[in-house]
$ cat protein.cif   # mmCIF, C-alpha atoms
data_start
#
loop_
_atom_site.label_atom_id
_atom_site.label_comp_id
_atom_site.auth_asym_id
_atom_site.auth_seq_id
_atom_site.Cartn_x
_atom_site.Cartn_y
_atom_site.Cartn_z
CA MET A 3 72.72 59.67 94.20
CA PRO A 4 74.76 60.84 97.19
CA GLU A 5 73.08 61.79 100.41
CA THR A 6 72.37 65.55 100.61
CA LEU A 7 70.86 68.07 102.97
CA GLU A 8 67.51 69.57 102.15
CA PHE A 9 67.70 72.64 99.88
CA LEU A 10 66.40 74.78 102.73
CA SER A 11 67.42 73.36 106.06
CA VAL A 12 68.64 74.70 109.34
CA ASN A 13 71.14 72.56 111.16
CA PHE A 14 72.55 73.61 114.52
CA TRP A 15 76.03 72.17 113.97
CA GLN A 16 76.30 73.58 110.49
CA THR A 17 75.39 77.02 111.70
CA LEU A 18 77.81 76.75 114.60
CA MET A 19 80.57 75.71 112.23
CA SER A 20 79.79 78.66 110.01
CA ILE A 21 80.10 80.97 113.02
CA GLY A 22 83.35 79.31 113.99
CA ASN A 23 84.73 79.51 110.48
CA LEU A 24 84.06 83.22 110.23
CA ILE A 25 85.69 83.85 113.61
CA ILE A 26 88.71 81.74 112.64
CA LEU A 27 89.05 83.56 109.33
CA PHE A 28 88.77 86.87 111.17
CA LEU A 29 91.74 85.84 113.33
CA ILE A 30 93.66 84.60 110.29
CA VAL A 31 93.09 87.79 108.33
CA LYS A 32 93.94 89.89 111.35
CA LYS A 33 97.15 88.04 112.08
CA LEU A 34 98.37 87.32 108.56
CA LEU A 35 97.30 90.43 106.70
CA PHE A 36 96.39 93.35 108.92
CA LYS A 37 98.99 92.98 111.63
CA PRO A 38 102.04 92.74 109.35
CA VAL A 39 100.81 95.43 106.98
CA ASN A 40 99.89 97.82 109.78
CA ASP A 41 103.24 97.12 111.46
CA ILE A 42 105.04 97.99 108.26
CA LEU A 43 102.94 101.13 107.78
CA LYS A 44 103.67 102.18 111.35
CA LYS A 45 107.38 101.52 110.97
CA ARG A 46 107.40 103.44 107.73
CA SER A 47 105.69 106.46 109.25
CA GLU A 48 108.13 106.29 112.18
CA GLU A 49 111.03 106.20 109.75
CA VAL A 50 109.60 109.11 107.80
CA ASP A 51 109.25 111.06 111.05
CA LYS A 52 112.84 110.20 111.89
CA ILE A 53 114.08 111.33 108.50
CA TYR A 54 112.15 114.56 108.88
CA SER A 55 113.54 115.30 112.31
CA GLU A 56 117.05 114.46 111.12
CA ALA A 57 116.64 116.78 108.18
CA GLU A 58 115.41 119.49 110.53
CA GLU A 59 118.41 118.97 112.79
CA LEU A 60 120.75 119.18 109.84
CA ARG A 61 119.05 122.33 108.65
CA VAL A 62 119.44 123.97 112.05
CA LYS A 63 123.08 122.91 112.22
CA ALA A 64 123.73 124.21 108.73
CA LYS A 65 122.20 127.51 109.70
CA THR A 66 124.36 127.87 112.83
CA ASP A 67 127.42 126.91 110.81
CA LYS A 68 126.54 129.49 108.24
CA ASP A 69 126.14 132.16 110.92
CA ILE A 70 129.47 131.22 112.45
CA TYR A 71 131.25 131.40 109.12
CA GLU A 72 129.60 134.65 108.23
CA ASP A 73 130.78 136.09 111.55
CA LYS A 74 134.26 134.80 110.94
CA LEU A 75 134.28 136.25 107.46
CA LYS A 76 133.10 139.56 108.80
CA SER A 77 135.79 139.67 111.50
CA ALA A 78 138.39 138.66 108.94
CA LYS A 79 137.29 141.52 106.76
CA ASN A 80 137.53 143.92 109.69
CA GLU A 81 140.99 142.63 110.46
CA THR A 82 142.19 143.11 106.90
CA ASP A 83 140.68 146.56 106.83
CA LEU A 84 142.56 147.39 110.01
CA MET A 85 145.77 145.94 108.62
CA ILE A 86 145.46 147.92 105.43
CA LYS A 87 144.70 151.06 107.35
CA THR A 88 147.70 150.59 109.64
CA ALA A 89 149.95 149.80 106.73
CA THR A 90 148.74 152.85 104.84
CA GLU A 91 149.25 155.06 107.85
CA ARG A 92 152.68 153.71 108.41
CA ALA A 93 153.55 154.15 104.77
CA GLU A 94 152.30 157.73 104.81
CA HIS A 95 154.25 158.43 107.95
CA ARG A 96 157.34 156.90 106.50
CA GLY A 97 156.89 158.86 103.27
CA GLU A 98 156.56 162.09 105.19
CA GLU A 99 159.65 161.25 107.17
CA ILE A 100 161.59 160.55 104.01
CA ILE A 101 160.39 163.77 102.41
CA SER A 102 161.24 165.89 105.44
CA LYS A 103 164.64 164.28 105.69
CA ALA A 104 165.25 164.90 102.01
CA THR A 105 164.13 168.52 102.36
CA LEU A 106 166.43 168.97 105.34
CA GLU A 107 169.33 167.51 103.48
CA ALA A 108 168.63 169.62 100.43
CA GLU A 109 168.52 172.73 102.60
CA ASN A 110 171.77 171.74 104.27
CA ARG A 111 173.38 171.22 100.93
CA LYS A 112 172.06 174.56 99.73
CA LYS A 113 173.42 176.30 102.81
CA LYS A 114 176.74 174.59 102.37
CA ALA A 115 176.83 175.58 98.72
CA GLU A 116 175.91 179.14 99.59
CA SER A 117 178.63 179.37 102.24
CA GLU A 118 181.10 177.92 99.77
CA ILE A 119 179.99 180.47 97.21
CA SER A 120 180.37 183.35 99.67
CA LEU A 121 183.75 182.00 100.71
CA ALA A 122 184.80 181.84 97.09
CA LYS A 123 183.54 185.42 96.62
CA LYS A 124 185.53 186.62 99.58
CA LYS A 125 188.54 184.84 98.30
CA ALA A 126 188.00 186.35 94.85
CA VAL A 127 187.58 189.81 96.33
CA ASN A 128 190.78 189.40 98.38
CA GLU A 129 192.63 188.21 95.32
CA MET A 130 191.22 191.15 93.42
CA LYS A 131 192.31 193.54 96.15
CA ASP A 132 195.80 192.07 96.01
CA LYS A 133 195.84 192.43 92.22
CA ILE A 134 194.52 195.99 92.38
CA THR A 135 197.15 196.87 94.95
CA ASP A 136 199.81 195.39 92.69
CA MET A 137 198.40 197.25 89.72
CA VAL A 138 198.26 200.50 91.68
CA ILE A 139 201.83 200.03 92.75
CA THR A 140 202.89 199.30 89.18
CA LEU A 141 200.92 202.20 87.85
CA SER A 142 202.33 204.44 90.58
CA GLN A 143 205.84 203.46 89.64
CA GLN A 144 205.08 204.18 86.01
CA VAL A 145 203.53 207.51 86.89
CA VAL A 146 206.40 208.44 89.21
CA GLU A 147 208.87 207.67 86.50
CA LYS A 148 207.24 210.31 84.19
CA GLU A 149 205.64 213.20 86.00
CA ILE A 150 203.32 213.45 88.91
CA ASP A 151 199.91 214.74 88.01
CA SER A 152 197.25 214.22 90.59
CA LYS A 153 194.59 214.55 87.99
CA ILE A 154 196.04 211.80 85.88
CA HIS A 155 196.56 209.62 88.95
CA GLU A 156 193.00 209.82 90.00
CA THR A 157 191.68 209.10 86.54
CA LEU A 158 194.02 206.23 86.15
CA ILE A 159 193.11 204.62 89.43
CA ASP A 160 189.39 205.09 88.84
CA THR A 161 189.60 203.62 85.42
CA ALA A 162 191.58 200.71 86.71
CA ILE A 163 189.13 199.97 89.48
CA ASP A 164 186.18 200.33 87.13
CA GLU A 165 187.77 197.94 84.72
CA LEU A 166 188.39 195.49 87.51
CA GLY A 167 184.84 195.90 88.81
CA GLU A 168 183.42 195.07 85.39
CA SER A 169 185.59 192.03 85.04
CA VAL A 170 184.72 190.65 88.42
CA MET B 26 63.22 64.76 82.69
CA ASN B 27 63.65 65.70 86.28
CA VAL B 28 65.59 68.49 87.97
CA ASP B 29 66.83 67.93 91.50
CA ILE B 30 67.27 71.00 93.61
CA THR B 31 69.03 69.88 96.76
CA GLY B 32 71.29 71.25 99.48
CA ALA B 33 74.90 70.40 100.11
CA LYS B 34 76.13 66.84 99.72
CA ILE B 35 76.83 65.10 103.00
CA LEU B 36 80.37 63.81 102.84
CA PHE B 37 80.51 62.00 106.17
CA ARG B 38 78.75 61.89 109.48
CA LEU B 39 80.28 62.29 112.92
CA PRO B 40 78.76 61.40 116.29
CA PHE B 41 76.16 63.69 117.94
CA GLY B 42 74.50 64.31 114.58
CA ILE B 43 77.37 66.37 113.26
CA VAL B 44 77.50 66.20 109.50
CA ILE B 45 80.34 67.31 107.36
CA THR B 46 79.03 68.55 104.04
CA GLU B 47 80.39 70.16 100.92
CA THR B 48 79.60 73.49 102.55
CA GLN B 49 82.10 72.90 105.32
CA VAL B 50 84.81 71.44 103.14
CA ASN B 51 84.48 74.13 100.48
CA MET B 52 84.51 76.83 103.14
CA TRP B 53 87.69 75.38 104.59
CA ILE B 54 89.20 75.38 101.13
CA VAL B 55 88.18 79.03 100.69
CA MET B 56 89.61 79.89 104.12
CA LEU B 57 92.84 78.12 103.26
CA VAL B 58 93.06 80.04 99.98
CA ILE B 59 92.48 83.34 101.77
CA ALA B 60 95.04 82.48 104.45
CA LEU B 61 97.62 81.48 101.84
CA LEU B 62 96.87 84.64 99.89
CA CYS B 63 97.43 86.76 102.99
CA LYS B 64 100.65 84.90 103.73
CA PHE B 65 101.77 85.26 100.13
CA LEU B 66 101.00 88.98 99.93
CA THR B 67 102.65 89.86 103.22
CA HIS B 68 105.68 87.65 102.68
CA ASN B 69 108.99 89.40 103.06
CA MET B 70 107.61 92.92 103.46
CA LYS B 71 110.01 95.82 103.71
CA ILE B 72 109.69 99.38 104.96
CA LYS B 73 110.50 100.52 101.46
CA PRO B 74 107.97 98.63 99.31
CA ALA B 75 109.96 96.01 97.48
CA GLY B 76 107.46 94.42 95.13
CA LYS B 77 103.98 94.34 93.71
CA ARG B 78 102.81 91.91 96.39
CA GLN B 79 103.47 94.35 99.19
CA VAL B 80 101.82 97.17 97.26
CA ILE B 81 98.72 95.03 96.80
CA ALA B 82 98.68 94.01 100.48
CA GLU B 83 99.02 97.63 101.61
CA TYR B 84 96.40 98.73 99.12
CA LEU B 85 93.92 96.13 100.39
CA VAL B 86 94.49 97.04 104.03
CA LYS B 87 94.20 100.76 103.35
CA MET B 88 91.10 100.28 101.24
CA ALA B 89 89.42 98.16 103.93
CA SER B 90 90.44 100.66 106.63
CA ASN B 91 89.07 103.61 104.66
CA PHE B 92 85.90 101.71 103.89
CA VAL B 93 85.28 100.99 107.57
CA LYS B 94 86.28 104.51 108.59
CA GLU B 95 83.83 106.05 106.13
CA ASN B 96 80.92 103.82 107.07
CA MET B 97 81.46 103.33 110.80
CA GLY B 98 83.78 106.11 111.91
CA GLU B 99 87.20 106.27 113.57
CA GLY B 100 86.01 104.48 116.72
CA PHE B 101 85.34 101.22 114.88
CA MET B 102 88.71 100.73 113.23
CA LYS B 103 89.15 97.47 115.13
CA PHE B 104 86.28 96.13 113.03
CA THR B 105 88.33 96.37 109.86
CA PRO B 106 89.81 92.84 109.95
CA PHE B 107 86.38 91.40 110.71
CA ILE B 108 84.75 93.21 107.79
CA ALA B 109 87.64 92.20 105.55
CA ALA B 110 87.31 88.57 106.66
CA LEU B 111 83.54 88.64 106.17
CA PHE B 112 83.80 90.19 102.73
CA SER B 113 86.54 87.88 101.52
CA LEU B 114 84.84 84.78 102.91
CA ALA B 115 81.43 85.71 101.47
CA SER B 116 82.69 86.73 98.04
CA PHE B 117 85.22 83.90 97.68
CA SER B 118 82.61 81.37 98.83
CA SER B 119 80.18 82.55 96.19
CA LEU B 120 82.90 82.79 93.56
CA SER B 121 83.90 79.18 94.24
CA SER B 122 80.95 78.21 92.06
CA LEU B 123 83.07 79.40 89.13
CA PHE B 124 85.29 76.37 89.75
CA GLY B 125 82.28 74.05 89.79
CA MET B 126 82.31 73.84 93.58
CA TYR B 127 79.19 73.98 95.66
CA PRO B 128 79.17 77.58 96.94
CA PRO B 129 78.99 77.58 100.77
CA THR B 130 76.84 80.73 100.64
CA SER B 131 74.03 78.80 98.98
CA ASP B 132 73.66 76.90 102.28
CA LEU B 133 71.36 78.79 104.64
CA ASN B 134 73.33 77.55 107.66
CA THR B 135 76.38 79.46 106.47
CA THR B 136 74.71 82.81 106.02
CA LEU B 137 72.63 82.27 109.14
CA GLY B 138 75.81 81.73 111.16
CA TRP B 139 77.30 84.97 109.91
CA ALA B 140 74.05 86.84 110.52
CA ILE B 141 73.99 85.53 114.10
CA ILE B 142 77.44 86.99 114.70
CA VAL B 143 76.21 90.33 113.34
CA PHE B 144 73.11 90.07 115.53
CA VAL B 145 75.25 89.45 118.61
CA MET B 146 77.37 92.49 117.76
CA ILE B 147 74.33 94.71 117.20
CA THR B 148 72.78 93.64 120.50
CA TYR B 149 76.10 94.00 122.32
CA TYR B 150 76.52 97.57 121.12
CA LYS B 151 72.90 98.46 121.88
CA ILE B 152 73.27 97.21 125.44
CA LYS B 153 76.71 98.81 125.79
CA THR B 154 75.41 102.16 124.62
CA ASN B 155 72.03 102.29 126.38
CA GLY B 156 72.55 99.89 129.26
CA ILE B 157 70.61 96.69 129.71
CA LEU B 158 67.63 98.56 131.11
CA GLY B 159 67.69 101.15 128.37
CA TYR B 160 67.79 98.35 125.80
CA ALA B 161 64.87 96.55 127.44
CA LYS B 162 62.95 99.80 127.73
CA GLY B 163 63.62 100.55 124.07
CA LEU B 164 61.78 97.36 123.16
CA THR B 165 58.57 98.60 124.83
CA GLU B 166 58.46 101.86 122.91
CA PRO B 167 56.40 103.60 121.74
CA PHE B 168 53.70 101.46 123.51
CA ALA B 169 53.99 98.38 125.68
CA VAL B 170 51.73 96.58 123.22
CA MET B 171 54.44 96.89 120.60
CA THR B 172 56.92 94.82 122.62
CA PRO B 173 56.37 91.49 120.77
CA PHE B 174 56.72 93.23 117.43
CA ASN B 175 59.87 95.02 118.55
CA ILE B 176 61.38 91.71 119.64
CA LEU B 177 60.41 90.21 116.28
CA GLY B 178 61.99 93.26 114.67
CA GLU B 179 65.24 92.60 116.47
CA PHE B 180 65.35 89.06 115.15
CA SER B 181 64.23 89.99 111.69
CA THR B 182 67.49 91.83 111.03
CA PRO B 183 69.78 88.79 111.07
CA ILE B 184 67.16 86.59 109.45
CA SER B 185 66.66 88.98 106.56
CA MET B 186 70.42 89.30 106.13
CA ALA B 187 70.87 85.55 106.15
CA PHE B 188 68.06 84.93 103.68
CA ARG B 189 69.13 87.76 101.39
CA MET B 190 72.58 86.31 100.91
CA PHE B 191 71.40 82.70 100.80
CA GLY B 192 68.51 83.51 98.47
CA ASN B 193 70.62 85.35 95.96
CA THR B 194 73.30 82.69 95.73
CA ALA B 195 70.97 79.71 95.88
CA SER B 196 68.53 81.21 93.40
CA GLY B 197 71.41 81.69 91.00
CA ALA B 198 72.24 78.02 91.33
CA VAL B 199 68.57 77.05 90.95
CA ILE B 200 68.07 79.21 87.88
CA SER B 201 71.28 77.89 86.35
CA ALA B 202 70.16 74.30 87.00
CA LEU B 203 66.71 74.95 85.53
CA LEU B 204 68.19 76.69 82.54
CA TYR B 205 70.63 73.88 81.86
CA ALA B 206 67.84 71.30 82.12
CA GLY B 207 65.55 73.38 79.93
CA LEU B 208 68.19 73.93 77.29
CA ALA B 209 69.11 70.25 77.29
CA TRP B 210 65.44 69.38 76.73
CA LEU B 211 65.10 72.04 74.00
CA SER B 212 68.21 70.99 72.17
CA ASN B 213 67.09 67.37 72.36
CA LEU B 214 63.80 68.43 70.82
CA VAL B 215 65.36 70.49 68.04
CA LEU B 216 68.00 67.96 67.17
CA GLN B 217 65.89 64.80 67.43
CA TRP B 218 66.04 64.22 63.66
CA LEU B 219 69.79 63.59 64.07
CA PRO B 220 71.12 60.20 65.07
CA GLU B 221 70.86 59.38 68.78
CA ALA B 222 74.60 59.97 69.44
CA LEU B 223 74.44 63.55 68.10
CA SER B 224 71.02 64.60 69.36
CA SER B 225 71.97 63.82 72.93
CA ILE B 226 74.61 66.61 72.81
CA PRO B 227 72.93 69.65 74.38
CA LEU B 228 74.27 72.18 71.86
CA LEU B 229 72.00 74.98 73.08
CA GLN B 230 73.71 74.89 76.47
CA LEU B 231 76.58 76.78 74.86
CA GLY B 232 76.55 80.53 75.31
CA LEU B 233 73.49 81.62 77.28
CA PRO B 234 74.39 79.93 80.59
CA ALA B 235 77.79 81.60 80.42
CA ILE B 236 76.18 85.04 80.36
CA LEU B 237 73.91 84.15 83.27
CA SER B 238 76.90 82.76 85.07
CA ILE B 239 78.67 86.10 84.74
CA TYR B 240 75.75 87.72 86.49
CA PHE B 241 75.08 85.12 89.19
CA ASP B 242 78.57 83.88 89.87
CA LEU B 243 80.69 87.00 89.40
CA PHE B 244 78.54 90.09 89.78
CA SER B 245 75.96 88.87 92.26
CA SER B 246 78.56 87.10 94.41
CA VAL B 247 80.62 90.21 94.97
CA LEU B 248 77.59 92.46 95.21
CA GLN B 249 75.88 90.31 97.86
CA ALA B 250 79.09 90.06 99.87
CA PHE B 251 79.39 93.83 99.65
CA ILE B 252 75.77 94.34 100.73
CA PHE B 253 76.21 91.96 103.66
CA CYS B 254 79.30 93.89 104.86
CA MET B 255 77.62 97.24 104.27
CA LEU B 256 74.56 96.21 106.34
CA THR B 257 76.80 94.83 109.09
CA MET B 258 78.67 98.12 109.34
CA LEU B 259 75.55 100.26 109.25
CA TYR B 260 73.63 98.16 111.81
CA VAL B 261 76.55 97.95 114.22
CA SER B 262 77.49 101.62 114.00
CA SER B 263 73.89 102.76 114.37
CA ALA B 264 73.47 100.37 117.34
CA ALA B 265 76.43 102.13 118.97
CA SER B 266 75.07 105.60 118.37
CA ASN B 267 72.87 107.07 121.07
CA ASP B 268 69.67 107.85 119.21
#
$ encode --input "protein.cif" --output "structure tokens"
Amino acid sequence: MPETLEFLSVNFWQTLMSIGNLIILFLIVKKLLFKPVNDILKKRSEEVDKIYSEAEELRVKAKTDKDIYEDKLKSAKNETDLMIKTATERAEHRGEEIISKATLEAENRKKKAESEISLAKKKAVNEMKDKITDMVITLSQQVVEKEIDSKIHETLIDTAIDELGESV
Amino acid sequence: MNVDITGAKILFRLPFGIVITETQVNMWIVMLVIALLCKFLTHNMKIKPAGKRQVIAEYLVKMASNFVKENMGEGFMKFTPFIAALFSLASFSSLSSLFGMYPPTSDLNTTLGWAIIVFVMITYYKIKTNGILGYAKGLTEPFAVMTPFNILGEFSTPISMAFRMFGNTASGAVISALLYAGLAWLSNLVLQWLPEALSSIPLLQLGLPAILSIYFDLFSSVLQAFIFCMLTMLYVSSAASND
């Protein structure tokens, strides 16, 4: 039978050792379990905070970028609008110019044609006059060869001129 | 038939009357197990949880922290490792009986030591909160005649805590020992018509002690450790409150 303590006994050293053991275990648990775990938890929450702030930064940057691009797009649109407008105006202007030039030319040509026509008329009339004169002279010679009757002369000349006038 | 109910075995004696018993050695074993467990669980931890071990370690720390926060409040968070150490030491010590070891909590010296620490904490917080004079004055209330009883009351707290834990664990051991002895005697009686070699086998010891063991070794161990921690937290936090 090995030597034992009494079932119910109080021993100063035993109690002191129990106190010491609990304090030592407290230090062990604190150092080996709580400190590393709490460190990790703290680091994790720091990292999460960092990720959040980075995300926020990125969001803000994305928003400014978006604004900038939207502005650029808007100004580009304005520019194209302006370009189209200018081009249209120029085209209209040019069209008008072309039309007015064409009208002018057409009028010139018309005038020229008209003057040519009137010239031709004059020429025709002159030719006619020459022919009439010839005819009159011929007729006069014929008439003189037969007998001179003023009544017949007049009728003859009138008829001749009328005939000429109809043919012209 | 005789049943010996004794305390811890004395393993060796040192000078100045220091004795090293099973209690001490088993407690050191329990402490070593807890320390190794902590080391194992927190080994190679990463910010992104890498394995089950880290999840368990974080879960235990968070659970202990929440437990202390709920029972003592935000101001006592530095108590968390102490409560965790107390709970693990008390429950693991009691549970060591499952491995046939002498549970250190069935030695009054063990529980008394822990209760003394709690008593020191309670008194420290009472004096810190009310001042030394306020504390001394509190002992004389409501009448000066009550002073001796109040002082007794102060000491009764750790003593009742120590005996509660010790009594529950030790009584479990005592009842188990009595039951084993009783069943051995009974089975000897029932089986005496068998030859000597067979009748000496205590067949009735099968079964019933196992059920009792579940209660005393598993349930009661954890429950008493829990109660001890609960009382520690309540006493200390109420000592720190002003009323």
$ residues_around --input "protein.cif" --residues "segment 171-184 of chain B" --least-positions-apart "4" --cutoff "9 Å" --atoms "only C-alpha atoms" --output "MDAnalysis selection string"
chainID B and resid 137 139:144 148 163:167 188:189 260
$ interface_residues --input "protein.cif" --of "chain B" --to "chain A" --cutoff "8 Å" --atoms "only C-alpha atoms" --output "NGL selection string"
:B and (30-36 or 43-44 or 49 or 52-53 or 56 or 59-60 or 63-64 or 66-67 or 70-73 or 82-83 or 86 or 106-107 or 109-111 or 114 or 132-139 or 141-142)
$ resolve_selection --input "protein.cif" --expression "the PyMOL selection byres ((chain B and resi 248-254) around 10)" --output "short mmCIF file (atom, residue, chain, number, x, y, z; two decimals) with C-alpha atoms, in the coordinates of the input"
data_model
loop_
_atom_site.label_atom_id
_atom_site.label_comp_id
_atom_site.auth_asym_id
_atom_site.auth_seq_id
_atom_site.Cartn_x
_atom_site.Cartn_y
_atom_site.Cartn_z
CA VAL B 93 85.28 100.99 107.57
CA PHE B 107 86.38 91.40 110.71
CA ILE B 108 84.75 93.21 107.79
CA ALA B 109 87.64 92.20 105.55
CA ALA B 110 87.31 88.57 106.66
CA LEU B 111 83.54 88.64 106.17
CA PHE B 112 83.80 90.19 102.73
CA SER B 113 86.54 87.88 101.52
CA LEU B 114 84.84 84.78 102.91
CA ALA B 115 81.43 85.71 101.47
CA SER B 116 82.69 86.73 98.04
CA PHE B 117 85.22 83.90 97.68
CA SER B 118 82.61 81.37 98.83
CA SER B 119 80.18 82.55 96.19
CA THR B 130 76.84 80.73 100.64
CA THR B 136 74.71 82.81 106.02
CA TRP B 139 77.30 84.97 109.91
CA ALA B 140 74.05 86.84 110.52
CA VAL B 143 76.21 90.33 113.34
CA MET B 186 70.42 89.30 106.13
CA ALA B 187 70.87 85.55 106.15
CA ARG B 189 69.13 87.76 101.39
CA MET B 190 72.58 86.31 100.91
CA PHE B 191 71.40 82.70 100.80
CA ASN B 193 70.62 85.35 95.96
CA THR B 194 73.30 82.69 95.73
CA PHE B 241 75.08 85.12 89.19
CA LEU B 243 80.69 87.00 89.40
CA PHE B 244 78.54 90.09 89.78
CA SER B 245 75.96 88.87 92.26
CA SER B 246 78.56 87.10 94.41
CA VAL B 247 80.62 90.21 94.97
CA MET B 255 77.62 97.24 104.27
CA LEU B 256 74.56 96.21 106.34
CA THR B 257 76.80 94.83 109.09
CA MET B 258 78.67 98.12 109.34
CA LEU B 259 75.55 100.26 109.25
CA TYR B 260 73.63 98.16 111.81
#
